[in-house]
$ cat data_16.txt   # compact mmCIF, C-alpha atoms
# COMPACT_ATOMS: atom_id res chain seq x y z
CA MET M 1 338.65 87.90 -7.20
CA LYS M 2 338.28 91.29 -5.61
CA THR M 3 336.96 94.27 -7.47
CA LYS M 4 339.23 97.26 -7.69
CA ALA M 5 337.81 100.52 -6.37
CA ILE M 6 339.75 103.75 -6.73
CA PHE M 7 338.85 106.67 -4.50
CA PHE M 8 340.03 109.95 -6.01
CA HIS M 9 340.25 112.97 -3.75
CA ALA M 10 342.17 116.18 -3.23
CA GLY M 11 342.52 116.42 0.52
CA CYS M 12 339.55 118.74 0.94
CA PRO M 13 337.36 118.37 4.06
CA VAL M 14 334.50 116.98 1.96
CA CYS M 15 336.96 114.48 0.47
CA LEU M 16 338.21 113.31 3.85
CA ALA M 17 334.69 112.81 5.18
CA ALA M 18 333.78 110.80 2.10
CA GLU M 19 336.93 108.73 2.40
CA GLN M 20 336.21 107.94 6.03
CA ASN M 21 332.52 107.20 5.54
CA VAL M 22 332.25 105.75 2.08
CA ALA M 23 335.60 104.50 0.76
CA LYS M 24 336.53 102.88 4.06
CA ALA M 25 333.05 101.43 4.46
CA LEU M 26 333.35 99.16 1.44
CA ASP M 27 333.44 95.46 2.08
CA PRO M 28 337.14 94.53 2.26
CA SER M 29 336.34 90.95 1.31
CA ARG M 30 335.02 92.13 -2.05
CA PHE M 31 336.94 95.32 -2.82
CA ASP M 32 340.52 96.44 -2.99
CA VAL M 33 340.32 100.16 -2.37
CA GLU M 34 343.09 102.44 -3.58
CA VAL M 35 343.12 106.05 -2.44
CA VAL M 36 344.60 108.57 -4.89
CA HIS M 37 345.25 112.23 -3.99
CA LEU M 38 344.90 114.00 -7.34
CA GLY M 39 346.29 117.23 -5.96
CA LYS M 40 349.57 115.50 -5.16
CA ASP M 41 349.57 112.80 -7.81
CA LYS M 42 348.76 114.67 -10.99
CA SER M 43 350.02 111.77 -13.09
CA ARG M 44 346.73 110.04 -12.31
CA LEU M 45 344.53 112.87 -13.61
CA ARG M 46 344.24 111.41 -17.09
CA GLU M 47 343.17 108.05 -15.68
CA ALA M 48 340.56 109.73 -13.48
CA GLU M 49 339.16 111.73 -16.37
CA SER M 50 339.07 108.67 -18.61
CA ALA M 51 336.95 106.94 -16.00
CA GLY M 52 334.51 109.84 -16.06
CA VAL M 53 335.59 111.67 -12.93
CA LYS M 54 334.48 115.31 -13.14
CA SER M 55 335.00 116.34 -9.53
CA VAL M 56 336.40 114.95 -6.33
CA PRO M 57 335.72 113.13 -4.15
CA ALA M 58 334.72 110.34 -6.49
CA ILE M 59 335.00 106.60 -6.45
CA VAL M 60 335.51 104.51 -9.57
CA MET M 61 334.14 100.99 -9.36
CA ASP M 62 333.80 98.59 -12.26
CA GLY M 63 334.74 101.39 -14.62
CA ALA M 64 331.93 103.67 -13.47
CA ALA M 65 332.56 106.95 -11.67
CA PHE M 66 330.45 107.85 -8.66
CA HIS M 67 330.81 111.45 -7.49
CA ILE M 68 330.26 111.92 -3.79
CA ASN M 69 329.09 115.36 -2.72
CA PHE M 70 331.34 118.02 -4.19
CA GLY M 71 334.78 119.02 -3.04
CA ALA M 72 336.62 120.37 -6.05
CA ASP M 73 336.26 120.47 -9.79
CA ILE M 74 338.85 118.29 -11.48
CA GLU M 75 339.84 121.24 -13.67
CA ALA M 76 341.08 123.04 -10.56
CA LEU M 77 343.55 120.26 -9.86
CA LYS M 78 345.48 120.48 -13.10
CA MET S 1 327.25 97.19 16.93
CA LYS S 2 326.55 97.85 13.30
CA THR S 3 326.25 101.32 11.91
CA LYS S 4 322.99 102.17 10.19
CA ALA S 5 323.28 103.39 6.63
CA ILE S 6 320.22 104.60 4.74
CA PHE S 7 320.34 104.76 0.96
CA PHE S 8 317.73 107.17 -0.38
CA HIS S 9 316.81 106.92 -4.02
CA ALA S 10 313.95 107.46 -6.43
CA GLY S 11 314.25 104.60 -8.86
CA CYS S 12 316.15 106.62 -11.46
CA PRO S 13 318.86 104.88 -13.50
CA VAL S 14 321.58 106.85 -11.71
CA CYS S 15 320.02 105.75 -8.42
CA LEU S 16 319.99 102.10 -9.36
CA ALA S 17 323.62 102.17 -10.48
CA ALA S 18 324.62 103.81 -7.21
CA GLU S 19 322.63 101.30 -5.21
CA GLN S 20 324.29 98.42 -6.98
CA ASN S 21 327.80 99.80 -6.83
CA VAL S 22 327.94 101.79 -3.63
CA ALA S 23 325.14 100.87 -1.23
CA LYS S 24 325.53 97.15 -1.86
CA ALA S 25 329.31 97.42 -1.66
CA LEU S 26 329.34 98.43 1.99
CA ASP S 27 330.81 95.99 4.45
CA PRO S 28 327.84 93.95 5.76
CA SER S 29 329.75 93.11 8.93
CA ARG S 30 329.83 96.81 9.85
CA PHE S 31 326.74 98.32 8.23
CA ASP S 32 323.04 97.68 8.18
CA VAL S 33 321.91 99.19 4.90
CA GLU S 34 318.31 100.25 4.45
CA VAL S 35 317.11 101.24 1.00
CA VAL S 36 314.33 103.85 0.86
CA HIS S 37 312.54 104.82 -2.35
CA LEU S 38 311.52 108.43 -1.70
CA GLY S 39 309.27 108.54 -4.73
CA LYS S 40 307.15 105.76 -3.28
CA ASP S 41 307.67 106.38 0.42
CA LYS S 42 307.07 110.09 0.78
CA SER S 43 306.66 109.71 4.53
CA ARG S 44 310.44 109.46 4.75
CA LEU S 45 311.08 112.78 2.95
CA ARG S 46 311.26 114.79 6.16
CA GLU S 47 313.77 112.37 7.65
CA ALA S 48 315.90 112.55 4.51
CA GLU S 49 315.85 116.33 4.49
CA SER S 50 316.68 116.49 8.19
CA ALA S 51 319.76 114.40 7.49
CA GLY S 52 320.82 116.92 4.85
CA VAL S 53 319.75 115.06 1.73
CA LYS S 54 319.31 117.54 -1.14
CA SER S 55 319.16 115.11 -4.04
CA VAL S 56 319.03 111.41 -4.70
CA PRO S 57 320.76 109.05 -4.78
CA ALA S 58 322.29 109.77 -1.40
CA ILE S 59 323.48 107.70 1.50
CA VAL S 60 323.21 108.80 5.12
CA MET S 61 325.83 107.33 7.42
CA ASP S 62 326.51 108.42 10.96
CA GLY S 63 324.13 111.31 10.47
CA ALA S 64 326.01 112.70 7.47
CA ALA S 65 324.54 112.79 3.97
CA PHE S 66 326.69 111.78 1.02
CA HIS S 67 325.23 112.61 -2.36
CA ILE S 68 326.24 110.24 -5.12
CA ASN S 69 326.18 111.67 -8.62
CA PHE S 70 322.85 113.30 -9.32
CA GLY S 71 319.57 111.63 -10.14
CA ALA S 72 316.82 113.94 -8.95
CA ASP S 73 316.37 117.00 -6.79
CA ILE S 74 314.56 116.15 -3.59
CA GLU S 75 312.10 118.97 -4.29
CA ALA S 76 310.90 117.07 -7.35
CA LEU S 77 309.86 114.13 -5.18
CA LYS S 78 307.41 116.01 -2.97

$ encode --input "data_16.txt" --output "structure tokens"
Amino acid sequence: MKTKAIFFHAGCPVCLAAEQNVAKALDPSRFDVEVVHLGKDKSRLREAESAGVKSVPAIVMDGAAFHINFGADIEALK
Amino acid sequence: MKTKAIFFHAGCPVCLAAEQNVAKALDPSRFDVEVVHLGKDKSRLREAESAGVKSVPAIVMDGAAFHINFGADIEALK
């Protein structure tokens, strides 16, 4: 079974670079990667915060949040 | 041809989690992942800094540095 990975971003340049280089680099045979734009899809903010996301871009894998560089504080997206 | 990805870390718990979940999650058909422990292999510090690494864990792909969470400032490893 594939592991779910959720890449949270907000469309910022740092986010797009991370999406291209990290989220899209994951092994597709092992991971189902979902990309969520928190600036547009605010209904997912609570889920992101529950997973420990403090800033975007971040990727949540196996319930753990990994922040990649720094694009925007999650508070700024609310 | 595979793209080279270098995962720089320093053995910290945050580093090990990122190695397990991010570095080892990359598609092996597209990436050759090298893992470098900067605490032990100080000869690679200059290379890491040249690639823009400011803290570990970080992964350098296509010449761009992506910092994952925060384990240690690179200055602390010198």

$ closest_residue --input "data_16.txt" --among "S:Ile68, S:Cys12, S:Leu77, S:Ala17" --to "chain M" --atoms "only C-alpha atoms"
S:Ile68

$ residues_around --input "data_16.txt" --residues "stretch 22-28 of chain S" --least-positions-apart "3" --cutoff "7 Å" --atoms "all atoms listed in the file" --output "PyMOL selection string"
(chain M and resi 25-28) or (chain S and resi 7+18-19+31-32)

$ atom_distance --input "data_16.txt" --atom1 "atom CA of M:Asn69" --atom2 "atom CA of S:Phe66"
5.7 Å

$ closest_residue --input "data_16.txt" --among "S:Gly39, S:Lys54, S:Val33, S:Lys2" --to "S:His67" --atoms "all atoms listed in the file"
S:Lys54

$ closest_residue --input "data_16.txt" --among "M:Ala10, M:Ala72, M:Ala51, M:Ala5" --to "chain S" --atoms "only C-alpha atoms"
M:Ala5

$ closest_residue --input "data_16.txt" --among "S:Lys4, S:Lys78, S:Arg44, S:His37" --to "chain M" --atoms "all atoms listed in the file"
S:Lys4

$ atom_distance --input "data_16.txt" --atom1 "atom CA of M:Val56" --atom2 "atom CA of S:Val56"
17.8 Å

$ closest_residue --input "data_16.txt" --among "M:Lys40, M:Ser29, M:Glu47, M:Val35" --to "chain S" --atoms "only C-alpha atoms"
M:Ser29

$ residues_around --input "data_16.txt" --residues "M:Val53" --least-positions-apart "3" --cutoff "10 Å" --atoms "only C-alpha atoms" --output "number ranges by chain"
M: 8, 45-50, 56-60, 64-67, 73-74

$ write_last_selection --input "data_16.txt" --atoms "C-alpha atoms" --output "PDB file, in the frame of the given file"
ATOM      1  CA  PHE M   8     340.030 109.950  -6.010  1.00  0.00           C
ATOM      2  CA  LEU M  45     344.530 112.870 -13.610  1.00  0.00           C
ATOM      3  CA  ARG M  46     344.240 111.410 -17.090  1.00  0.00           C
ATOM      4  CA  GLU M  47     343.170 108.050 -15.680  1.00  0.00           C
ATOM      5  CA  ALA M  48     340.560 109.730 -13.480  1.00  0.00           C
ATOM      6  CA  GLU M  49     339.160 111.730 -16.370  1.00  0.00           C
ATOM      7  CA  SER M  50     339.070 108.670 -18.610  1.00  0.00           C
ATOM      8  CA  VAL M  56     336.400 114.950  -6.330  1.00  0.00           C
ATOM      9  CA  PRO M  57     335.720 113.130  -4.150  1.00  0.00           C
ATOM     10  CA  ALA M  58     334.720 110.340  -6.490  1.00  0.00           C
ATOM     11  CA  ILE M  59     335.000 106.600  -6.450  1.00  0.00           C
ATOM     12  CA  VAL M  60     335.510 104.510  -9.570  1.00  0.00           C
ATOM     13  CA  ALA M  64     331.930 103.670 -13.470  1.00  0.00           C
ATOM     14  CA  ALA M  65     332.560 106.950 -11.670  1.00  0.00           C
ATOM     15  CA  PHE M  66     330.450 107.850  -8.660  1.00  0.00           C
ATOM     16  CA  HIS M  67     330.810 111.450  -7.490  1.00  0.00           C
ATOM     17  CA  ASP M  73     336.260 120.470  -9.790  1.00  0.00           C
ATOM     18  CA  ILE M  74     338.850 118.290 -11.480  1.00  0.00           C
TER      19      ILE M  74
END

$ atom_distance --input "data_16.txt" --atom1 "atom CA of S:Arg30" --atom2 "atom CA of M:Met1"
21.2 Å

$ closest_residue --input "data_16.txt" --among "M:Asp62, M:Glu75, M:Glu34, M:Asp41" --to "chain S" --atoms "only C-alpha atoms"
M:Asp62

$ axis_aligned_box --input "data_16.txt" --around "stretch 44-50 of chain M" --padding-each-side "4 Å" --output "AutoDock Vina command-line options"
--center_x 342.9 --center_y 110.5 --center_z -15.5 --size_x 15.7 --size_y 12.8 --size_z 14.3
